[in-house]
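Shown here: protein-v4.txt, compact mmCIF, C-alpha atoms.
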```txt
# COMPACT_ATOMS: atom_id res chain seq x y z
CA MET A 1 -215.17 -216.64 111.30
CA ASN A 2 -218.72 -217.53 110.39
CA ARG A 3 -220.55 -215.86 107.52
CA SER A 4 -223.09 -214.05 109.73
CA SER A 5 -220.41 -212.12 111.61
CA LYS A 6 -218.89 -210.51 108.50
CA PRO A 7 -221.57 -207.79 108.03
CA ALA A 8 -221.23 -206.78 111.68
CA LEU A 9 -217.45 -206.46 111.37
CA ILE A 10 -217.76 -204.44 108.18
CA PHE A 11 -220.27 -202.11 109.85
CA LEU A 12 -217.96 -201.70 112.88
CA ALA A 13 -215.03 -200.87 110.59
CA VAL A 14 -217.05 -198.21 108.80
CA ILE A 15 -218.11 -196.69 112.12
CA LEU A 16 -214.50 -196.57 113.39
CA LEU A 17 -213.15 -195.11 110.18
CA CYS A 18 -215.99 -192.63 109.68
CA PRO A 19 -217.00 -191.21 113.06
CA ALA A 20 -218.87 -188.41 111.28
CA LEU A 21 -221.47 -191.00 110.30
CA VAL A 22 -222.15 -191.61 113.98
CA GLN A 23 -222.45 -187.99 115.06
CA ALA A 24 -222.05 -184.98 112.81
CA GLU A 25 -222.63 -181.86 114.84
CA THR A 26 -220.98 -178.57 115.71
CA LEU A 27 -222.44 -176.83 118.72
CA ALA A 28 -222.52 -173.08 119.21
CA MET A 29 -223.49 -170.89 122.14
CA LEU A 30 -225.27 -167.60 121.43
CA ASN A 31 -226.82 -164.99 123.68
CA TYR A 32 -229.95 -163.39 122.30
CA GLU A 33 -232.54 -160.68 122.96
CA SER A 34 -235.93 -159.74 121.56
CA LYS A 35 -235.96 -157.65 118.42
CA LYS A 36 -237.24 -154.11 118.76
CA GLY A 37 -241.01 -154.09 118.42
CA ASN A 38 -241.39 -157.51 120.01
CA PRO A 39 -244.09 -157.00 122.70
CA ILE A 40 -242.43 -159.43 125.13
CA ARG A 41 -238.87 -158.66 126.20
CA GLN A 42 -236.82 -161.88 126.28
CA GLU A 43 -233.15 -162.70 126.84
CA GLY A 44 -231.22 -165.92 127.09
CA ILE A 45 -228.35 -168.11 125.96
CA SER A 46 -228.98 -170.92 123.49
CA VAL A 47 -226.89 -173.85 122.38
CA ILE A 48 -227.66 -174.75 118.76
CA ASP A 49 -226.26 -177.16 116.17
CA VAL A 50 -224.63 -175.24 113.31
CA ASP A 51 -223.17 -178.15 111.32
CA PRO A 52 -224.83 -178.11 107.88
CA ASN A 53 -224.26 -181.89 107.64
CA SER A 54 -226.08 -182.65 110.88
CA SER A 55 -229.59 -184.00 111.24
CA THR A 56 -230.22 -181.34 113.93
CA TYR A 57 -228.78 -178.45 111.91
CA GLY A 58 -230.20 -175.13 113.09
CA GLN A 59 -232.04 -176.65 116.04
CA THR A 60 -231.89 -175.33 119.60
CA LEU A 61 -230.56 -178.06 121.90
CA MET A 62 -230.46 -176.06 125.14
CA ASP A 63 -231.75 -172.73 126.40
CA ILE A 64 -230.68 -170.78 129.49
CA PRO A 65 -233.03 -167.89 130.38
CA LEU A 66 -231.50 -164.57 131.45
CA PRO A 67 -233.09 -161.55 133.18
CA HIS A 68 -235.02 -159.51 130.63
CA ASN A 69 -233.15 -156.32 131.64
CA LEU A 70 -229.61 -157.73 131.68
CA VAL A 71 -228.91 -156.78 128.04
CA ALA A 72 -226.30 -159.53 127.74
CA HIS A 73 -223.75 -158.36 125.23
CA HIS A 74 -220.61 -160.42 124.55
CA ILE A 75 -219.40 -163.94 125.39
CA PHE A 76 -215.67 -164.41 125.98
CA TYR A 77 -213.73 -167.54 126.91
CA ASN A 78 -210.80 -167.35 129.28
CA ARG A 79 -207.44 -168.62 127.98
CA ASP A 80 -208.14 -172.33 128.47
CA ALA A 81 -211.88 -172.10 127.70
CA THR A 82 -212.81 -173.54 131.09
CA LYS A 83 -215.06 -170.54 131.74
CA ALA A 84 -217.21 -168.29 129.58
CA TYR A 85 -217.79 -164.67 130.60
CA VAL A 86 -220.95 -162.81 129.56
CA THR A 87 -220.76 -159.01 129.71
CA ALA A 88 -223.87 -156.89 130.25
CA LEU A 89 -225.03 -153.44 129.20
CA GLY A 90 -228.01 -153.31 131.56
CA LYS A 91 -226.51 -154.35 134.91
CA SER A 92 -223.16 -153.81 136.66
CA GLU A 93 -222.29 -157.49 136.65
CA LEU A 94 -220.69 -160.35 134.78
CA ARG A 95 -222.18 -163.79 134.28
CA VAL A 96 -219.55 -166.54 134.48
CA ILE A 97 -220.33 -170.00 133.09
CA ASP A 98 -218.37 -173.04 134.29
CA MET A 99 -217.73 -174.90 131.02
CA MET A 100 -216.29 -177.93 132.84
CA ARG A 101 -219.61 -178.99 134.39
CA PHE A 102 -222.73 -180.11 132.63
CA PRO A 103 -225.43 -178.96 132.95
CA TYR A 104 -223.58 -175.65 132.89
CA ARG A 105 -223.38 -173.66 136.13
CA MET A 106 -223.59 -169.87 135.95
CA LYS A 107 -222.70 -167.40 138.67
CA VAL A 108 -223.14 -163.65 138.94
CA VAL A 109 -220.09 -161.48 139.61
CA GLU A 110 -220.93 -157.98 140.81
CA VAL A 111 -218.84 -155.23 139.22
CA PRO A 112 -219.82 -152.04 141.11
CA GLY A 113 -219.32 -148.81 139.21
CA CYS A 114 -219.04 -150.54 135.83
CA ARG A 115 -221.81 -149.28 133.60
CA GLN A 116 -222.21 -150.97 130.21
CA GLY A 117 -219.61 -153.73 130.53
CA GLU A 118 -218.25 -154.31 127.02
CA ASP A 119 -215.11 -156.37 126.34
CA ILE A 120 -213.18 -158.62 128.70
CA ILE A 121 -209.69 -160.01 128.06
CA PHE A 122 -207.28 -162.21 130.00
CA SER A 123 -203.59 -162.17 130.86
CA ASN A 124 -201.43 -164.90 129.36
CA ASP A 125 -201.28 -166.74 132.69
CA ASN A 126 -205.09 -166.73 132.86
CA LYS A 127 -205.02 -165.16 136.33
CA THR A 128 -206.23 -161.64 135.57
CA TRP A 129 -209.10 -160.18 133.58
CA TYR A 130 -209.62 -156.66 132.30
CA LEU A 131 -213.16 -155.36 131.64
CA THR A 132 -213.98 -152.15 129.76
CA CYS A 133 -216.87 -150.11 131.19
CA MET A 134 -218.18 -148.06 128.30
CA GLY A 135 -220.59 -146.00 130.37
CA SER A 136 -218.23 -145.14 133.22
CA GLN A 137 -214.85 -144.28 131.61
CA ARG A 138 -212.85 -147.00 133.34
CA VAL A 139 -211.35 -150.46 133.13
CA VAL A 140 -212.05 -152.87 135.97
CA VAL A 141 -209.28 -155.37 136.72
CA GLY A 142 -210.26 -158.68 138.26
CA ASP A 143 -208.90 -161.89 139.78
CA ALA A 144 -209.70 -164.50 137.10
CA ILE A 145 -209.37 -167.39 139.56
CA ALA A 146 -211.74 -166.08 142.23
CA ASP A 147 -213.65 -163.91 139.72
CA LYS A 148 -213.81 -160.72 141.76
CA PRO A 149 -212.75 -157.14 140.96
CA THR A 150 -209.42 -156.09 142.44
CA ARG A 151 -208.83 -152.53 141.18
CA THR A 152 -210.10 -149.85 138.83
CA ILE A 153 -208.22 -147.89 136.16
CA GLU A 154 -209.70 -144.45 135.47
CA LEU A 155 -209.27 -143.40 131.84
CA PRO A 156 -208.56 -139.99 130.27
CA LYS A 157 -210.97 -140.62 127.38
CA PRO A 158 -214.63 -141.66 127.57
CA TYR A 159 -216.50 -144.66 126.21
CA PRO A 160 -213.91 -147.46 126.49
CA HIS A 161 -214.87 -150.46 124.38
CA GLY A 162 -212.13 -152.55 122.76
CA ILE A 163 -209.18 -153.69 124.85
CA ALA A 164 -206.01 -155.68 124.16
CA VAL A 165 -203.19 -156.82 126.44
CA HIS A 166 -199.57 -157.68 125.63
CA ASP A 167 -197.83 -159.17 128.66
CA GLY A 168 -194.44 -159.13 126.91
CA ILE A 169 -194.33 -155.32 126.98
CA ASP A 170 -196.67 -154.84 129.96
CA ARG A 171 -199.19 -152.81 127.98
CA LEU A 172 -202.96 -152.47 127.67
CA LEU A 173 -204.56 -150.68 124.71
CA VAL A 174 -208.12 -149.33 125.01
CA THR A 175 -210.33 -147.68 122.38
CA SER A 176 -212.60 -144.66 122.88
CA THR A 177 -215.79 -145.44 120.96
CA VAL A 178 -219.26 -143.87 121.36
CA ARG A 179 -221.66 -142.67 124.05
CA PRO A 180 -223.73 -145.75 125.02
CA SER A 181 -227.04 -143.91 125.37
CA ASP A 182 -227.31 -142.78 121.75
CA LEU A 183 -224.08 -143.95 120.04
CA GLY A 184 -223.07 -140.30 119.60
CA ASP A 185 -220.05 -138.19 120.62
CA ALA A 186 -217.71 -140.61 118.82
CA GLY A 187 -214.14 -140.87 120.08
CA GLU A 188 -210.98 -140.94 117.98
CA THR A 189 -208.21 -142.30 120.21
CA ILE A 190 -206.62 -145.32 121.77
CA THR A 191 -205.13 -145.12 125.26
CA VAL A 192 -201.89 -146.86 126.27
CA ILE A 193 -201.74 -148.18 129.85
CA GLU A 194 -199.01 -149.92 131.84
CA ALA A 195 -200.80 -153.17 132.64
CA SER A 196 -199.00 -153.97 135.89
CA SER A 197 -199.60 -150.59 137.52
CA GLY A 198 -202.62 -149.18 135.69
CA LYS A 199 -200.66 -146.01 134.92
CA ILE A 200 -201.87 -144.04 131.89
CA LEU A 201 -198.92 -143.56 129.54
CA SER A 202 -200.23 -141.96 126.34
CA THR A 203 -203.12 -141.52 123.94
CA HIS A 204 -203.00 -141.71 120.14
CA LYS A 205 -205.41 -140.30 117.60
CA VAL A 206 -206.37 -142.89 114.98
CA SER A 207 -207.62 -140.51 112.32
CA THR A 208 -206.22 -138.28 109.61
CA LYS A 209 -209.23 -135.93 109.88
CA ALA A 210 -209.54 -132.76 111.93
CA SER A 211 -210.85 -133.23 115.46
CA PRO A 212 -213.47 -134.19 116.38
CA SER A 213 -213.15 -136.72 113.59
CA GLY A 214 -215.93 -139.04 114.74
CA GLU A 215 -213.97 -142.19 113.85
CA ALA A 216 -215.21 -144.30 116.78
CA PRO A 217 -212.38 -146.85 117.12
CA VAL A 218 -214.17 -149.92 118.42
CA GLU A 219 -212.11 -153.14 118.51
CA ILE A 220 -208.38 -153.66 118.98
CA LEU A 221 -206.43 -156.91 118.71
CA PHE A 222 -202.73 -157.79 118.84
CA LYS A 223 -201.37 -159.79 115.93
CA PRO A 224 -200.17 -163.08 117.52
CA GLY A 225 -196.39 -163.49 117.58
CA SER A 226 -195.71 -160.14 115.98
CA ASN A 227 -192.21 -158.73 116.47
CA PRO A 228 -192.32 -155.88 117.21
CA PRO A 229 -195.75 -156.14 118.84
CA MET A 230 -198.48 -154.74 116.61
CA ALA A 231 -202.23 -154.36 117.04
CA TYR A 232 -205.02 -153.72 114.55
CA ILE A 233 -207.83 -151.24 115.27
CA THR A 234 -211.22 -151.05 113.54
CA ASN A 235 -212.76 -147.58 113.24
CA MET A 236 -216.51 -148.17 113.27
CA TYR A 237 -217.67 -144.81 111.93
CA GLY A 238 -214.49 -143.98 110.05
CA SER A 239 -214.67 -147.26 108.07
CA THR A 240 -210.93 -147.74 108.38
CA LEU A 241 -208.42 -150.22 109.78
CA TRP A 242 -205.37 -148.89 111.62
CA THR A 243 -202.22 -150.39 113.09
CA ALA A 244 -200.46 -149.57 116.35
CA THR A 245 -196.83 -150.77 116.26
CA TRP A 246 -194.51 -150.88 119.25
CA ASP A 247 -191.43 -148.65 119.12
CA SER A 248 -188.97 -150.13 121.60
CA ALA A 249 -186.82 -146.99 121.65
CA LYS A 250 -189.74 -144.72 122.53
CA LYS A 251 -191.48 -147.33 124.66
CA ASP A 252 -194.69 -146.35 122.88
CA PHE A 253 -196.79 -147.10 119.82
CA VAL A 254 -196.79 -145.59 116.34
CA VAL A 255 -200.21 -145.56 114.67
CA LYS A 256 -200.90 -145.65 110.92
CA ILE A 257 -203.87 -146.22 108.64
CA ALA A 258 -203.83 -149.63 106.95
CA VAL A 259 -207.14 -150.05 105.06
CA ASP A 260 -209.90 -147.68 103.93
CA PHE A 261 -213.05 -149.79 103.68
CA ALA A 262 -214.85 -147.02 101.81
CA GLU A 263 -212.71 -147.97 98.80
CA HIS A 264 -214.46 -151.35 98.87
CA ASN A 265 -217.97 -149.85 99.23
CA VAL A 266 -218.54 -151.25 102.71
CA GLY A 267 -218.79 -149.68 106.14
CA ILE A 268 -218.83 -150.20 109.92
CA PRO A 269 -215.83 -152.53 110.37
CA LEU A 270 -216.11 -154.40 113.67
CA GLU A 271 -214.44 -157.68 114.66
CA MET A 272 -211.05 -159.14 113.69
CA TYR A 273 -209.61 -162.67 113.64
CA PHE A 274 -206.46 -164.54 112.52
CA ASN A 275 -205.86 -168.00 111.08
CA LYS A 276 -203.35 -170.37 112.71
CA ALA A 277 -200.49 -169.35 110.41
CA VAL A 278 -201.28 -165.68 111.13
CA ASP A 279 -200.94 -164.87 107.43
CA ARG A 280 -204.64 -164.04 107.06
CA LEU A 281 -206.70 -161.37 108.80
CA TYR A 282 -210.50 -161.67 108.85
CA VAL A 283 -212.61 -158.55 109.41
CA THR A 284 -216.39 -158.13 109.53
CA THR A 285 -218.22 -155.07 108.24
CA ALA A 286 -221.82 -154.56 109.30
CA LYS A 287 -223.01 -152.58 106.30
CA PRO A 288 -224.16 -154.18 104.05
CA GLY A 289 -222.77 -157.24 105.92
CA SER A 290 -219.54 -159.00 104.87
CA LEU A 291 -216.56 -161.04 105.97
CA HIS A 292 -213.29 -159.83 104.43
CA VAL A 293 -210.14 -161.94 104.09
CA PHE A 294 -206.83 -160.07 103.98
CA ASP A 295 -203.36 -161.39 103.18
CA ILE A 296 -200.93 -160.08 105.82
CA SER A 297 -198.06 -162.44 105.02
CA GLU A 298 -195.87 -159.93 103.19
CA ASN A 299 -196.67 -156.62 104.85
CA PRO A 300 -198.93 -156.64 107.93
CA GLN A 301 -198.98 -152.84 107.79
CA LYS A 302 -200.71 -152.98 104.41
CA PRO A 303 -203.17 -155.89 104.32
CA LYS A 304 -204.09 -157.07 100.83
CA LEU A 305 -207.77 -157.87 100.28
CA LEU A 306 -208.24 -161.39 98.89
CA GLU A 307 -211.94 -162.13 99.36
CA THR A 308 -215.15 -160.42 100.41
CA LEU A 309 -217.77 -162.97 101.40
CA PRO A 310 -221.41 -161.87 101.77
CA ALA A 311 -223.09 -162.14 105.16
CA GLY A 312 -226.17 -160.44 106.62
CA ALA A 313 -226.93 -156.88 107.67
CA GLY A 314 -225.14 -156.19 110.94
CA ALA A 315 -222.39 -158.81 110.39
CA HIS A 316 -220.58 -158.78 113.70
CA HIS A 317 -218.90 -161.72 115.48
CA VAL A 318 -217.49 -164.81 113.76
CA ALA A 319 -216.97 -168.31 115.15
CA PHE A 320 -214.40 -170.57 113.47
CA THR A 321 -214.12 -174.35 113.73
CA LYS A 322 -210.89 -175.83 115.06
CA ASP A 323 -210.08 -177.44 111.70
CA TRP A 324 -210.79 -174.15 109.90
CA SER A 325 -213.46 -175.76 107.74
CA TYR A 326 -216.33 -173.39 108.60
CA ALA A 327 -216.88 -169.82 109.71
CA TYR A 328 -220.19 -168.68 111.20
CA VAL A 329 -221.06 -164.99 111.01
CA GLN A 330 -223.57 -163.64 113.54
CA ASN A 331 -225.59 -160.89 111.86
CA ALA A 332 -226.90 -158.41 114.45
CA LEU A 333 -225.49 -155.18 115.87
CA LEU A 334 -227.03 -153.73 119.03
CA ASN A 335 -230.59 -154.30 117.80
CA LEU A 336 -230.15 -151.35 115.43
CA PRO A 337 -232.68 -150.93 112.61
CA GLY A 338 -231.20 -152.08 109.30
CA LEU A 339 -228.24 -153.67 111.08
CA SER A 340 -229.91 -156.59 112.82
CA GLU A 341 -230.88 -159.26 110.33
CA GLY A 342 -230.79 -161.82 113.11
CA SER A 343 -229.38 -164.68 111.03
CA ILE A 344 -226.17 -166.72 111.03
CA THR A 345 -224.24 -167.02 107.77
CA VAL A 346 -222.44 -170.35 107.26
CA ILE A 347 -219.23 -170.08 105.20
CA ASP A 348 -217.15 -172.95 103.85
CA LEU A 349 -213.60 -171.66 104.36
CA GLN A 350 -212.04 -174.15 101.95
CA LYS A 351 -214.45 -173.40 99.11
CA LYS A 352 -214.63 -169.71 100.11
CA THR A 353 -218.36 -169.61 99.63
CA VAL A 354 -221.58 -169.25 101.64
CA VAL A 355 -223.18 -172.66 102.11
CA GLY A 356 -226.00 -171.93 104.52
CA ASN A 357 -228.08 -169.46 106.49
CA ILE A 358 -229.46 -170.24 109.95
CA ASP A 359 -232.65 -168.33 110.74
CA THR A 360 -233.42 -169.95 114.10
CA PHE A 361 -233.46 -166.71 116.11
CA ASN A 362 -234.88 -164.37 113.49
CA ALA A 363 -237.88 -166.67 113.02
CA LYS A 364 -238.72 -166.21 116.71
CA GLY A 365 -238.36 -162.41 116.68
CA LEU A 366 -234.94 -162.58 118.36
CA ASN A 367 -231.47 -161.25 117.60
CA PRO A 368 -228.32 -163.22 118.46
CA ASN A 369 -225.88 -160.73 120.00
CA CYS A 370 -222.72 -162.82 120.15
CA MET A 371 -221.59 -166.28 119.09
CA VAL A 372 -218.89 -168.77 120.09
CA LEU A 373 -218.58 -172.47 119.38
CA LEU A 374 -218.44 -174.75 122.40
CA PRO A 375 -214.81 -175.45 123.39
CA GLU A 376 -214.71 -178.85 121.67
CA TRP A 377 -215.17 -177.15 118.32
CA ASN A 378 -214.02 -173.56 118.89
CA ASN A 379 -210.94 -172.01 117.31
CA PRO A 380 -209.92 -168.87 119.26
CA ALA A 381 -208.67 -167.31 115.98
CA GLY A 382 -206.12 -165.09 117.66
CA HIS A 383 -208.26 -164.08 120.64
```
For the structure just supplied, provide its representation as structure tokens.
Amino acid sequence: MNRSSKPALIFLAVILLCPALVQAETLAMLNYESKKGNPIRQEGISVIDVDPNSSTYGQTLMDIPLPHNLVAHHIFYNRDATKAYVTALGKSELRVIDMMRFPYRMKVVEVPGCRQGEDIIFSNDNKTWYLTCMGSQRVVVGDAIADKPTRTIELPKPYPHGIAVHDGIDRLLVTSTVRPSDLGDAGETITVIEASSGKILSTHKVSTKASPSGEAPVEILFKPGSNPPMAYITNMYGSTLWTATWDSAKKDFVVKIAVDFAEHNVGIPLEMYFNKAVDRLYVTTAKPGSLHVFDISENPQKPKLLETLPAGAGAHHVAFTKDWSYAYVQNALLNLPGLSEGSITVIDLQKKTVVGNIDTFNAKGLNPNCMVLLPEWNNPAGH
């Protein structure tokens, strides 16, 4: 080996051992809309770099325009993250993005009779999707291969929002939240549905107050691997967390209160997530804006608060990296005054501290409405 080749070999060894030196980036996909008061209505989907160690940190790398009246709401991956589904409050349609082709291809799926499409979930075999229609009191069931509606489930309670499926017991759970037009007439129940038939089986009140309690249960999520099956429910207006636990003898759920967020001086609990070991539950609260970490290892029915990490007003969705090194909190809720900071809070999960704030959208008069990492980096966190 000659002397001149040694530096090249050393450099190659460093590159192979430290790939982060070659390319440090974590890419996220966010749908956005103009803030209220912005004279030009704008909507779109952006891909931005959210890695605080990257040279392009906070920069927009791609932008996909959307119709200004779509009111794109949530982004959901199917089970294998080969497709991303964008729900809409302004049109009776879904936007489906093929994540396996680049540049990304997006198609429109008409969902007639579905006003204010909210949450969409997928069966374990990835062949069926279920979409809540908050403005039309129904769940639309669809073929997740062909991406077309196949049937409609009419609900006994209005304003369906959150939805969870458990194929092992053939059950769907749906929350009754608020009237879309003015966020009033808050519900207080979850509805139990036989997933295979669409038959309504029961409803359960998730409040200890007299009716109408105005709790507004919003999101619902099954705890992965739980035996018996158990789901958590966030009550948006009631500022509480509830559990719904399967009773195999009754073939129904038993509901109980688990956490009162008012005791922690926070309100408007929204989204929920789990770590890989499923011994931690992460919950966002929009007011004043926080990410809460609960220990559920000993008693999932009574989560123990470990940490409350500050985020921004309107703290809503959270994206987690696959290696659980970072969490990114999207701070905007329905463009509501005082609850739409428009930023992204960067949290180091190992150090349990905020390490950054991305103001890319807010600086342009925009609010990010939902956030996921691209599949290469995204941890589904129990979803």
Spatial neighbours of region 50-52 of chain A, max dist 12 Å, only C-alpha atoms, sep filter under 3 positions, as a PyMOL selection string: chain A and resi 20+23-30+46-47+55-61+319-321+325-330+343-348+354-360+371-374+377
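Distances here use only C-alpha atoms; by that measure, the residue among A:Ile40, A:Leu89, A:Leu309, A:Val283 closest to Leu366 (chain A) is A:Ile40.
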Just give me the residues with any atom within 9 Å of (-202.3, -165.3, 127.4), file coordinates, counting all atoms listed in the file, written as a ChimeraX atom specification. /A:78-79,122-126,165-167
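Pairwise distance (CA of Gly44 (chain A), CA of Pro375 (chain A)) equals 19.3 Å.
Closest approach to Leu155 (chain A) among A:Gly289, A:Gly168, A:Gly382, A:Gly135: A:Gly135, based on all atoms listed in the file.
Taking CA of Glu219 (chain A) and CA of Ala146 (chain A) as the two end points, the separation is 27.0 Å.
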Mind pulling up the distance from CA of Gly90 (chain A) to CA of Lys35 (chain A)? 16.0 Å
Select from region 224-331 of chain A every residue with an atom at most 10 Å from any atom of region 187-202 of chain A, then for each give the shortest pair of atoms and their distance in Å to one decimal, using all atoms listed in the file, rows by chain and rising number, as a tab-separated table.
```
residue	atom	partner	partner_atom	distance
A:Ile233	CA	A:Ile190	CA	8.9
A:Asn235	CA	A:Glu188	CA	8.4
A:Tyr237	CA	A:Gly187	CA	9.7
A:Gly238	CA	A:Glu188	CA	9.2
A:Ala244	CA	A:Ile190	CA	9.2
A:Lys251	CA	A:Leu201	CA	9.7
A:Asp252	CA	A:Ser202	CA	7.9
A:Phe253	CA	A:Val192	CA	8.2
A:Val255	CA	A:Ile190	CA	9.6
```
Adding 6 Å on each side of the box along x, y and z that holds all listed atoms of region 96-105 of chain A, could you give its centre and edge lengths in Å to one decimal, as lines of an AutoDock Vina configuration file?
```
center_x = -220.9
center_y = -173.3
center_z = 133.6
size_x = 21.1
size_y = 25.6
size_z = 17.1
```
Close residues, Asn31 (chain A) itself excluded, 12 Å, only C-alpha atoms, min 5 positions apart in chain, as a PyMOL selection string: chain A and resi 42-48+62-67+70-76+84-88+95+317+330+332+342+361+366-373
Quick one: of A:Pro229, A:Pro103, A:Pro156, A:Gly312, who's nearest to Ser176 (chain A), counting all atoms listed in the file? A:Pro156
Could you list, as a ChimeraX atom specification, every residue within 7 Å of region 305-308 of chain A, counting all atoms listed in the file and ignoring same-chain residues fewer than 6 positions away? /A:290-295
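If only C-alpha atoms are the atoms counted, then among A:Leu183, A:Tyr159, A:Ala313, A:Pro217 the closest residue to Lys205 (chain A) is A:Pro217.
Proximity ranking of A:Ala231, A:Met99, A:Ala216, A:Ala286 relative to Pro158 (chain A) places A:Ala216 first, based on all atoms listed in the file.
Of the residues under consideration (A:Trp246, A:Met236, A:Leu333, A:Ser226), A:Ser226 shows the shortest atom-to-atom contact distance to Asn299 (chain A) when counting all atoms listed in the file.
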Within 12 Å of region 270-277 of chain A, which residues of region 86-168 of chain A come that close, and what is the closest atom pair and distance in Å for each? Count all atoms listed in the file and give it as CSV.
```
residue,atom,partner,partner_atom,distance
A:Asp119,CA,A:Glu271,CA,11.8
A:His161,CA,A:Leu270,CA,11.5
A:Gly162,CA,A:Glu271,CA,9.9
```
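The list of residues with at least one atom within 6 Å of Pro269 (chain A), based on all atoms listed in the file and without residues fewer than 6 positions apart in the same chain, reads Thr234, Met236, Ser239, Thr284 and Thr285 of chain A.
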